[in-house]
>>> print(open('entry_35.txt').read())   # compact mmCIF, C-alpha atoms
# COMPACT_ATOMS: atom_id res chain seq x y z
CA MET U 208 0.00 0.00 0.00
CA THR U 209 1.30 3.42 -0.86
CA MET U 210 0.39 6.86 0.44
CA THR U 211 0.87 10.02 -1.62
CA GLY U 212 4.56 10.82 -1.52
CA LEU U 213 5.17 8.29 1.22
CA SER U 214 5.43 4.53 1.10
CA ARG U 215 2.67 2.90 3.10
CA ARG U 216 5.09 0.23 4.20
CA THR U 217 7.34 2.81 5.87
CA PHE U 218 4.54 5.09 7.08
CA LEU U 219 4.07 3.54 10.48
CA GLY U 220 7.24 4.70 12.19
CA ALA U 221 10.83 3.60 12.03
CA ALA U 222 12.11 0.30 13.36
CA ALA U 223 9.68 -1.31 15.76
CA GLY U 224 10.55 -1.54 19.41
CA ALA U 225 12.02 -4.61 20.97
CA SER U 226 9.66 -7.54 21.40
CA ALA U 227 8.54 -8.05 24.97
CA ALA U 228 6.13 -10.53 26.44
CA THR U 229 3.66 -9.09 28.91
CA VAL U 230 1.00 -11.13 30.67
CA LEU U 231 -1.75 -9.43 32.63
CA GLY U 232 -2.76 -11.18 35.83
CA ALA U 233 -1.27 -14.24 37.45
CA GLN U 234 -4.18 -16.40 36.34
CA PHE U 235 -3.12 -15.81 32.73
CA ALA U 236 0.60 -16.26 33.27
CA THR U 237 0.98 -19.48 31.32
CA ALA U 238 -0.59 -21.24 28.37
CA ALA U 239 -0.36 -24.85 27.33
CA THR U 240 2.11 -25.65 24.60
CA THR U 241 0.68 -28.96 23.51
CA SER U 242 -0.57 -29.62 20.00
CA LYS U 243 -3.51 -31.86 20.87
CA GLY U 244 -6.11 -31.83 18.15
CA CYS U 245 -3.80 -30.10 15.70
CA ILE U 246 -4.70 -30.97 12.15
CA ALA U 247 -1.59 -32.61 10.73
CA GLY U 248 -0.79 -31.53 7.22
CA GLY U 249 -2.59 -29.21 4.83
CA THR U 250 -1.68 -26.55 2.30
CA VAL U 251 -0.91 -23.00 3.36
CA TYR U 252 -0.68 -19.89 1.17
CA ILE U 253 1.64 -17.06 2.17
CA GLY U 254 1.55 -13.54 0.73
CA SER U 255 4.44 -11.09 0.57
CA TYR U 256 5.43 -7.83 -1.09
CA THR U 257 7.49 -7.69 -4.27
CA SER U 258 7.39 -4.04 -5.39
CA GLY U 259 10.37 -2.27 -3.84
CA ALA U 260 10.72 -5.29 -1.56
CA SER U 261 12.28 -8.73 -1.47
CA GLY U 262 9.16 -10.86 -1.06
CA HIS U 263 8.02 -13.63 -3.39
CA GLY U 264 4.41 -12.56 -4.01
CA LEU U 265 2.59 -15.85 -3.50
CA ASP U 266 4.12 -18.88 -1.84
CA VAL U 267 2.72 -22.35 -1.19
CA SER U 268 3.76 -24.20 1.94
CA SER U 269 2.66 -27.40 3.65
CA ARG U 270 2.09 -28.07 7.32
CA SER U 271 3.27 -31.05 9.32
CA GLY U 272 1.78 -30.73 12.77
CA ALA U 273 2.34 -27.05 13.45
CA THR U 274 5.51 -26.73 11.37
CA LEU U 275 5.44 -24.98 8.01
CA GLY U 276 7.64 -26.57 5.36
CA PRO U 277 9.79 -24.90 2.68
CA VAL U 278 7.87 -22.59 0.35
CA ARG U 279 7.32 -22.90 -3.39
CA THR U 280 6.72 -19.60 -5.19
CA VAL U 281 3.91 -19.27 -7.72
CA PRO U 282 5.44 -17.19 -10.55
CA GLY U 283 3.92 -13.94 -11.77
CA ILE U 284 1.68 -13.18 -8.78
CA THR U 285 2.98 -9.88 -7.38
CA ASP U 286 2.38 -8.08 -4.09
CA THR U 287 -0.09 -10.62 -2.73
CA SER U 288 -1.58 -9.27 0.49
CA TRP U 289 -5.03 -10.82 1.02
CA PHE U 290 -6.84 -14.06 0.25
CA ASP U 291 -10.34 -15.47 -0.03
CA ARG U 292 -11.80 -18.38 -1.96
CA SER U 293 -14.96 -19.32 -3.78
CA ALA U 294 -17.76 -21.13 -1.96
CA ASP U 295 -16.90 -24.39 -3.76
CA GLY U 296 -13.27 -24.06 -2.71
CA LYS U 297 -11.96 -24.36 -6.26
CA THR U 298 -10.88 -20.76 -6.84
CA LEU U 299 -8.52 -18.59 -4.83
CA TYR U 300 -8.77 -14.80 -5.10
CA VAL U 301 -5.83 -12.58 -4.15
CA THR U 302 -5.05 -8.89 -4.11
CA ASN U 303 -2.10 -7.56 -6.09
CA GLU U 304 -1.16 -4.30 -4.39
CA GLY U 305 0.06 -2.31 -7.36
CA ASP U 306 -0.07 1.46 -6.94
CA PRO U 307 -1.51 3.46 -8.65
CA ASN U 308 -2.82 0.47 -10.61
CA GLY U 309 -3.87 -2.53 -8.57
CA TYR U 310 -5.26 -5.88 -9.63
CA VAL U 311 -7.16 -8.85 -8.28
CA SER U 312 -6.16 -12.32 -9.46
CA ALA U 313 -8.21 -15.51 -9.69
CA LEU U 314 -6.38 -18.83 -9.39
CA ASN U 315 -7.63 -22.36 -9.88
CA ILE U 316 -6.84 -24.43 -6.78
CA ALA U 317 -8.49 -27.71 -7.75
CA ASP U 318 -5.03 -28.96 -6.84
CA ALA U 319 -4.43 -26.88 -3.73
CA THR U 320 -0.68 -27.35 -3.97
CA LYS U 321 -0.46 -25.98 -7.51
CA PRO U 322 -2.45 -22.75 -7.97
CA GLN U 323 -2.97 -21.90 -11.65
CA LEU U 324 -3.69 -18.33 -12.72
CA LEU U 325 -7.10 -18.01 -14.41
CA ASN U 326 -7.03 -14.25 -14.98
CA LYS U 327 -6.44 -10.93 -13.28
CA VAL U 328 -8.48 -7.75 -13.59
CA PRO U 329 -7.91 -4.12 -12.58
CA SER U 330 -9.18 -3.15 -9.15
CA LYS U 331 -9.94 0.34 -10.52
CA GLY U 332 -7.71 1.88 -7.87
CA GLY U 333 -4.38 1.79 -6.10
CA ALA U 334 -3.07 -0.70 -3.56
CA PRO U 335 -5.98 -3.13 -3.14
CA THR U 336 -5.21 -4.38 0.33
CA HIS U 337 -8.24 -6.52 1.18
CA LEU U 338 -10.90 -8.57 -0.57
CA SER U 339 -13.76 -10.90 0.23
CA VAL U 340 -16.14 -13.13 -1.68
CA HIS U 341 -19.68 -11.81 -1.24
CA SER U 342 -22.15 -14.22 0.35
CA SER U 343 -24.20 -14.27 -2.88
CA ARG U 344 -21.18 -16.06 -4.42
CA ARG U 345 -21.51 -13.76 -7.42
CA TYR U 346 -18.97 -11.05 -6.63
CA VAL U 347 -15.55 -10.34 -5.18
CA LEU U 348 -15.34 -7.08 -3.23
CA ALA U 349 -11.97 -5.34 -2.87
CA ALA U 350 -10.76 -2.31 -0.89
CA ASN U 351 -8.31 0.02 -2.65
CA TYR U 352 -6.18 1.55 0.08
CA SER U 353 -4.40 4.41 -1.63
CA SER U 354 -7.41 5.60 -3.61
CA GLY U 355 -9.92 5.09 -0.80
CA SER U 356 -12.38 3.11 -2.87
CA VAL U 357 -14.32 -0.16 -2.96
CA VAL U 358 -14.74 -2.14 -6.19
CA VAL U 359 -17.24 -4.85 -7.13
CA LEU U 360 -15.94 -7.59 -9.45
CA PRO U 361 -18.31 -10.22 -10.89
CA ILE U 362 -17.39 -13.90 -10.66
CA LEU U 363 -17.76 -15.53 -14.07
CA ALA U 364 -18.20 -19.17 -15.07
CA GLY U 365 -15.22 -21.25 -13.98
CA GLY U 366 -14.16 -18.73 -11.33
CA LYS U 367 -12.66 -16.02 -13.55
CA LEU U 368 -13.31 -12.39 -12.69
CA GLY U 369 -15.08 -9.92 -14.95
CA ALA U 370 -14.71 -6.17 -15.29
CA ALA U 371 -15.92 -4.05 -12.38
CA THR U 372 -19.65 -3.48 -12.06
CA ASP U 373 -19.25 -0.65 -9.55
CA LEU U 374 -16.71 1.55 -7.80
CA VAL U 375 -17.46 3.77 -4.81
CA THR U 376 -14.96 6.30 -3.49
CA HIS U 377 -14.85 7.50 0.11
CA GLN U 378 -14.21 11.08 1.16
CA ALA U 379 -12.31 12.04 4.31
CA ASP U 380 -13.18 15.17 6.28
CA SER U 381 -9.46 15.94 6.30
CA GLY U 382 -6.56 14.21 4.60
CA GLN U 383 -7.13 11.26 2.31
CA ALA U 384 -9.51 8.30 2.47
CA HIS U 385 -7.87 4.87 2.75
CA ALA U 386 -10.23 1.90 2.43
CA HIS U 387 -8.65 -0.98 4.34
CA GLN U 388 -11.28 -3.74 4.45
CA VAL U 389 -14.56 -4.73 2.82
CA VAL U 390 -16.80 -7.60 3.99
CA ASN U 391 -20.46 -8.52 4.12
CA ASP U 392 -22.19 -8.84 7.48
CA PRO U 393 -23.14 -12.30 8.82
CA SER U 394 -26.71 -11.94 7.52
CA GLY U 395 -25.42 -11.34 3.99
CA ARG U 396 -27.68 -8.32 3.60
CA TRP U 397 -25.08 -5.59 3.95
CA VAL U 398 -21.54 -4.72 2.86
CA LEU U 399 -19.23 -2.92 5.30
CA SER U 400 -16.02 -1.11 4.43
CA VAL U 401 -13.55 0.11 7.05
CA ASP U 402 -11.71 3.29 6.03
CA LEU U 403 -8.59 4.27 7.98
CA GLY U 404 -8.22 7.74 6.44
CA ALA U 405 -11.88 8.72 6.73
CA ASP U 406 -12.08 7.38 10.33
CA SER U 407 -15.29 5.67 9.28
CA VAL U 408 -17.08 2.40 8.67
CA TYR U 409 -19.36 2.56 5.62
CA VAL U 410 -22.43 0.36 5.32
CA TYR U 411 -23.73 -0.39 1.82
CA SER U 412 -26.48 -2.41 0.27
CA LEU U 413 -25.50 -4.46 -2.79
CA ASP U 414 -27.93 -5.06 -5.65
CA VAL U 415 -26.97 -8.63 -6.50
CA ALA U 416 -28.66 -8.40 -9.90
CA THR U 417 -26.63 -5.39 -11.06
CA GLY U 418 -23.55 -5.44 -8.83
CA LYS U 419 -24.18 -1.86 -7.69
CA LEU U 420 -23.51 -0.53 -4.18
CA ALA U 421 -25.69 2.05 -2.42
CA LEU U 422 -24.54 3.89 0.69
CA HIS U 423 -26.77 3.20 3.69
CA GLN U 424 -24.79 4.45 6.72
CA GLN U 425 -21.46 6.07 7.54
CA LEU U 426 -20.37 5.49 11.13
CA LYS U 427 -17.80 8.14 11.99
CA LEU U 428 -15.25 7.36 14.67
CA PRO U 429 -13.14 10.01 16.44
CA ALA U 430 -10.66 11.86 14.23
CA GLY U 431 -7.31 10.08 14.16
CA ALA U 432 -8.67 6.71 15.30
CA GLY U 433 -7.62 5.07 12.02
CA PRO U 434 -9.99 2.08 11.90
CA ARG U 435 -8.35 -0.77 10.00
CA HIS U 436 -10.35 -4.03 10.23
CA LEU U 437 -13.45 -5.30 11.98
CA ALA U 438 -14.68 -8.72 13.04
CA PHE U 439 -18.21 -9.76 13.99
CA ASP U 440 -19.09 -11.77 17.06
CA ARG U 441 -20.64 -15.20 16.57
CA THR U 442 -24.18 -13.87 17.13
CA GLY U 443 -23.84 -11.26 14.41
CA THR U 444 -25.00 -8.51 16.76
CA PHE U 445 -21.67 -6.93 17.68
CA ALA U 446 -18.66 -5.80 15.67
CA TYR U 447 -15.18 -5.21 17.04
CA ILE U 448 -13.39 -2.49 15.08
CA LEU U 449 -9.59 -2.56 15.38
CA GLN U 450 -8.00 0.88 15.18
CA GLU U 451 -4.54 1.27 13.71
CA LEU U 452 -3.59 4.83 14.63
CA ARG U 453 -4.86 4.52 18.18
CA PRO U 454 -4.11 1.14 19.81
CA GLU U 455 -7.74 0.43 20.59
CA VAL U 456 -10.79 -1.62 19.68
CA THR U 457 -14.16 0.08 19.26
CA VAL U 458 -17.03 -2.19 20.30
CA ALA U 459 -20.14 -1.54 18.22
CA SER U 460 -23.62 -3.00 18.14
CA TRP U 461 -24.88 -4.25 14.77
CA ASP U 462 -28.55 -4.39 13.76
CA ALA U 463 -28.83 -6.46 10.59
CA ALA U 464 -32.54 -5.67 10.25
CA THR U 465 -31.84 -1.95 9.82
CA GLY U 466 -28.19 -2.14 8.68
CA THR U 467 -27.04 0.06 11.53
CA LEU U 468 -23.76 0.20 13.45
CA LYS U 469 -23.58 2.02 16.78
CA ALA U 470 -20.32 2.62 18.65
CA LEU U 471 -20.62 1.57 22.30
CA SER U 472 -17.20 1.59 23.95
CA VAL U 473 -13.46 1.69 23.35
CA VAL U 474 -11.05 -0.91 24.75
CA PRO U 475 -7.23 -0.59 24.75
CA ALA U 476 -5.23 -3.16 22.78
CA VAL U 477 -2.07 -2.60 24.86
CA PRO U 478 -1.37 -2.61 28.60
CA PRO U 479 -1.61 0.68 30.54
CA GLY U 480 1.49 2.83 30.24
CA SER U 481 2.57 1.47 26.84
CA THR U 482 4.64 3.95 24.85
CA GLY U 483 6.40 4.23 21.50
CA ASP U 484 5.06 2.85 18.23
CA LEU U 485 1.70 1.18 18.85
CA PHE U 486 0.00 0.19 15.60
CA PRO U 487 -2.51 -2.68 15.65
CA GLY U 488 -2.60 -4.84 12.52
CA GLU U 489 -5.20 -7.62 12.42
CA ILE U 490 -8.14 -8.80 14.52
CA ALA U 491 -9.61 -12.32 14.57
CA LEU U 492 -12.15 -14.16 16.71
CA SER U 493 -12.17 -17.77 17.86
CA LYS U 494 -14.97 -19.95 16.49
CA ASP U 495 -16.54 -20.33 19.93
CA GLY U 496 -16.84 -16.56 20.15
CA LYS U 497 -15.14 -16.36 23.54
CA PHE U 498 -11.86 -14.74 22.47
CA ALA U 499 -10.58 -12.06 20.13
CA TYR U 500 -6.97 -11.63 19.07
CA ALA U 501 -5.07 -8.66 17.67
CA THR U 502 -1.51 -8.07 16.55
CA VAL U 503 0.20 -4.85 17.62
CA ARG U 504 3.19 -3.55 15.70
CA GLY U 505 5.83 -1.69 17.70
CA PRO U 506 5.80 -3.82 20.85
CA ASN U 507 5.34 -6.77 18.44
CA THR U 508 2.71 -8.52 20.48
CA LEU U 509 -0.36 -10.70 20.11
CA ALA U 510 -3.16 -9.42 22.35
CA THR U 511 -5.91 -11.67 23.70
CA PHE U 512 -9.33 -10.32 24.66
CA ALA U 513 -12.14 -12.03 26.55
CA VAL U 514 -15.37 -11.55 24.58
CA ALA U 515 -18.93 -11.42 25.89
CA GLY U 516 -21.15 -9.45 23.51
CA ALA U 517 -20.76 -5.77 24.33
CA SER U 518 -17.96 -6.63 26.78
CA LEU U 519 -14.39 -6.88 25.52
CA LYS U 520 -11.46 -7.12 27.94
CA LEU U 521 -7.73 -7.30 27.31
CA VAL U 522 -6.39 -10.27 29.30
CA SER U 523 -2.98 -11.06 27.83
CA THR U 524 -0.22 -9.87 25.53
CA VAL U 525 2.66 -12.06 24.37
CA SER U 526 5.59 -11.59 22.03
CA THR U 527 5.09 -12.69 18.41
CA GLY U 528 8.79 -13.54 18.15
CA GLY U 529 9.29 -11.24 15.18
CA ASN U 530 9.26 -7.63 14.03
CA TRP U 531 6.13 -5.78 12.86
CA PRO U 532 3.33 -8.40 13.11
CA ARG U 533 0.98 -7.36 10.33
CA HIS U 534 -1.38 -10.33 10.39
CA VAL U 535 -2.45 -13.30 12.49
CA ALA U 536 -4.36 -16.41 11.40
CA LEU U 537 -5.69 -19.32 13.41
CA ASP U 538 -5.21 -22.76 11.90
CA PRO U 539 -8.43 -24.68 11.07
CA GLY U 540 -8.31 -26.58 14.36
CA GLU U 541 -7.64 -23.35 16.29
CA ASN U 542 -4.71 -24.93 18.08
CA TRP U 543 -2.07 -22.62 16.61
CA PHE U 544 -1.59 -18.97 15.75
CA TYR U 545 0.43 -18.04 12.65
CA VAL U 546 1.80 -14.50 12.75
CA SER U 547 3.22 -12.68 9.72
CA ASN U 548 6.08 -10.49 10.96
CA GLN U 549 6.69 -8.18 8.03
CA ARG U 550 9.96 -6.45 8.94
CA SER U 551 11.75 -9.52 10.24
CA GLY U 552 10.46 -11.56 7.28
CA THR U 553 9.21 -14.42 9.43
CA VAL U 554 6.06 -16.42 9.97
CA THR U 555 6.02 -17.56 13.59
CA TRP U 556 3.63 -20.03 15.19
CA LEU U 557 2.41 -20.06 18.76
CA PRO U 558 0.31 -22.74 20.46
CA ARG U 559 -3.21 -21.93 21.65
CA ASP U 560 -4.67 -23.42 24.79
CA PRO U 561 -8.23 -24.37 23.77
CA ALA U 562 -9.49 -24.11 27.35
CA THR U 563 -8.17 -20.65 28.22
CA GLY U 564 -7.83 -19.36 24.65
CA LEU U 565 -4.37 -18.06 25.50
CA PRO U 566 -1.28 -18.25 23.28
CA GLY U 567 1.93 -19.78 24.50
CA ALA U 568 5.51 -18.94 23.58
CA VAL U 569 6.68 -19.05 19.96
CA ALA U 570 7.30 -22.64 18.92
CA GLY U 571 8.77 -22.18 15.44
CA SER U 572 9.48 -19.85 12.55
CA LEU U 573 9.67 -19.81 8.73
CA ALA U 574 11.61 -17.20 6.78
CA VAL U 575 9.50 -15.35 4.16
CA PRO U 576 10.85 -11.90 3.19
CA ASP U 577 8.37 -9.01 3.47
CA VAL U 578 5.60 -11.39 4.53
CA ASN U 579 2.17 -9.96 5.18
CA SER U 580 -0.42 -12.75 5.56
CA VAL U 581 -1.11 -16.48 5.85
CA TYR U 582 -4.17 -18.32 4.52
CA PHE U 583 -5.15 -21.97 4.99
CA ALA U 584 -6.38 -23.90 1.96
>>> encode(input="entry_35.txt", output="structure tokens")
Amino acid sequence: MTMTGLSRRTFLGAAAGASAATVLGAQFATAATTSKGCIAGGTVYIGSYTSGASGHGLDVSSRSGATLGPVRTVPGITDTSWFDRSADGKTLYVTNEGDPNGYVSALNIADATKPQLLNKVPSKGGAPTHLSVHSSRRYVLAANYSSGSVVVLPILAGGKLGAATDLVTHQADSGQAHAHQVVNDPSGRWVLSVDLGADSVYVYSLDVATGKLALHQQLKLPAGAGPRHLAFDRTGTFAYILQELRPEVTVASWDAATGTLKALSVVPAVPPGSTGDLFPGEIALSKDGKFAYATVRGPNTLATFAVAGASLKLVSTVSTGGNWPRHVALDPGENWFYVSNQRSGTVTWLPRDPATGLPGAVAGSLAVPDVNSVYFA
């Protein structure tokens, strides 16, 4: 992602601070490091930056227990930074963060270990940093970071992408809009886009017949909050909005019947007294809905929150074992965290105690230059 006159990848401060593990409360002091229930094997996709960087673009790895094996690079897939797949699991969609001209690629993954490029289409903007397959299964939605826009791309027969059916551009009250995420809500009725530059979450309706978006609500957060990503709770009635420029999570209620977000409270993503660079990266929830997790760049930590509807509480922070943790993913069995540490060029994995939800110490690492995300096939 690139900002006007300033590389997005260098925007968030200089070198991150030293990694430090901090655990809040004696009852959370330890976490189990066993791998019981871990799904042995499976294909893993890893994205990394290539433009002005040393990453590979798109890598394929395999997992044995928790350990990621050597990567194999898929040629010609540049600046891969986000993944989603078709409902039938046969097509993988990835962002290609070109700036000012970004793309979205469709790849056939009938053989998960050997992705084959079907086609790529313009995202109609710069630095597409996030995408998702709409619940109608008819469109891919992508967020263009540098141009502050959301594009709708139709899914054609065989999984290929067609030319955009719509493009909406956000406007910031000051500065520049930077769309960072676009997803549909759990009901499938609404599309939400989180914009870091506009300090807003936009709610749209999508006409599935025409592929056109219509603005329904703009939830404005405080100036300088820098909302980056959101995640819904398992009931679909609350959304947790991770802020990048303030190390916080905004808890919001979500009414799918009316398509309305309402900010309720703000919860810190770092312990009291934290100083220096503090830039949250990714938020994810456990399947049981009891825990939320967020990476924080600067202290290079993985934060754990206890979740209970409108209540969100920071209970633990641990070191990710790398520098600048941009993204975290839970494996399908939710026994391991995989953290993409961009500046150290490492994917680290940490065990998860299924009873407490807490991560343990780093158990392994794989070198991937300029890594940004991990996705399980």
>>> atom_distance(input="entry_35.txt", atom1="atom CA of Tyr447 of chain U", atom2="atom CA of Pro487 of chain U")
13.0 Å
>>> atom_distance(input="entry_35.txt", atom1="atom CA of Lys494 of chain U", atom2="atom CA of Arg441 of chain U")
7.4 Å
>>> atom_distance(input="entry_35.txt", atom1="atom CA of Thr372 of chain U", atom2="atom CA of His436 of chain U")
24.2 Å
>>> residues_around(input="entry_35.txt", residues="Pro329 of chain U", least_positions_apart="4", cutoff="7 Å", atoms="all atoms listed in the file", output="ChimeraX atom specification")
/U:309-311
>>> write_last_selection(input="entry_35.txt", atoms="C-alpha atoms", output="compact mmCIF listing (two decimals), in the frame of the given file")
# COMPACT_ATOMS: atom_id res chain seq x y z
CA GLY U 309 -3.87 -2.53 -8.57
CA TYR U 310 -5.26 -5.88 -9.63
CA VAL U 311 -7.16 -8.85 -8.28
>>> closest_atom_pairs(input="entry_35.txt", of="segment 343-395 of chain U", to="segment 409-425 of chain U", cutoff="9 Å", atoms="only C-alpha atoms", output="CSV")
residue,atom,partner,partner_atom,distance
U:Ser343,CA,U:Val415,CA,7.3
U:Arg345,CA,U:Val415,CA,7.5
U:Tyr346,CA,U:Gly418,CA,7.6
U:Val359,CA,U:Gly418,CA,6.6
U:Leu360,CA,U:Gly418,CA,7.9
U:Pro361,CA,U:Gly418,CA,7.4
U:Ala371,CA,U:Gly418,CA,8.5
U:Thr372,CA,U:Gly418,CA,5.4
U:Asp373,CA,U:Lys419,CA,5.4
U:Leu374,CA,U:Leu420,CA,8.0
U:Val375,CA,U:Leu420,CA,7.4
U:His377,CA,U:Tyr409,CA,8.7
>>> closest_residue(input="entry_35.txt", among="U:Ser342, U:Thr285, U:Ser394, U:Arg279", to="Gly259 of chain U", atoms="only C-alpha atoms")
U:Thr285
>>> closest_residue(input="entry_35.txt", among="U:His387, U:Lys327, U:Lys497, U:Lys427", to="Lys469 of chain U", atoms="only C-alpha atoms")
U:Lys427
>>> residues_around(input="entry_35.txt", residues="Ser293 of chain U", least_positions_apart="6", cutoff="9 Å", atoms="only C-alpha atoms", output="PDB file with C-alpha atoms, in the coordinates of the input")
ATOM      1  CA  LEU U 299      -8.520 -18.590  -4.830  1.00  0.00           C
ATOM      2  CA  TYR U 300      -8.770 -14.800  -5.100  1.00  0.00           C
ATOM      3  CA  VAL U 340     -16.140 -13.130  -1.680  1.00  0.00           C
ATOM      4  CA  ARG U 344     -21.180 -16.060  -4.420  1.00  0.00           C
ATOM      5  CA  GLY U 366     -14.160 -18.730 -11.330  1.00  0.00           C
TER       6      GLY U 366
END
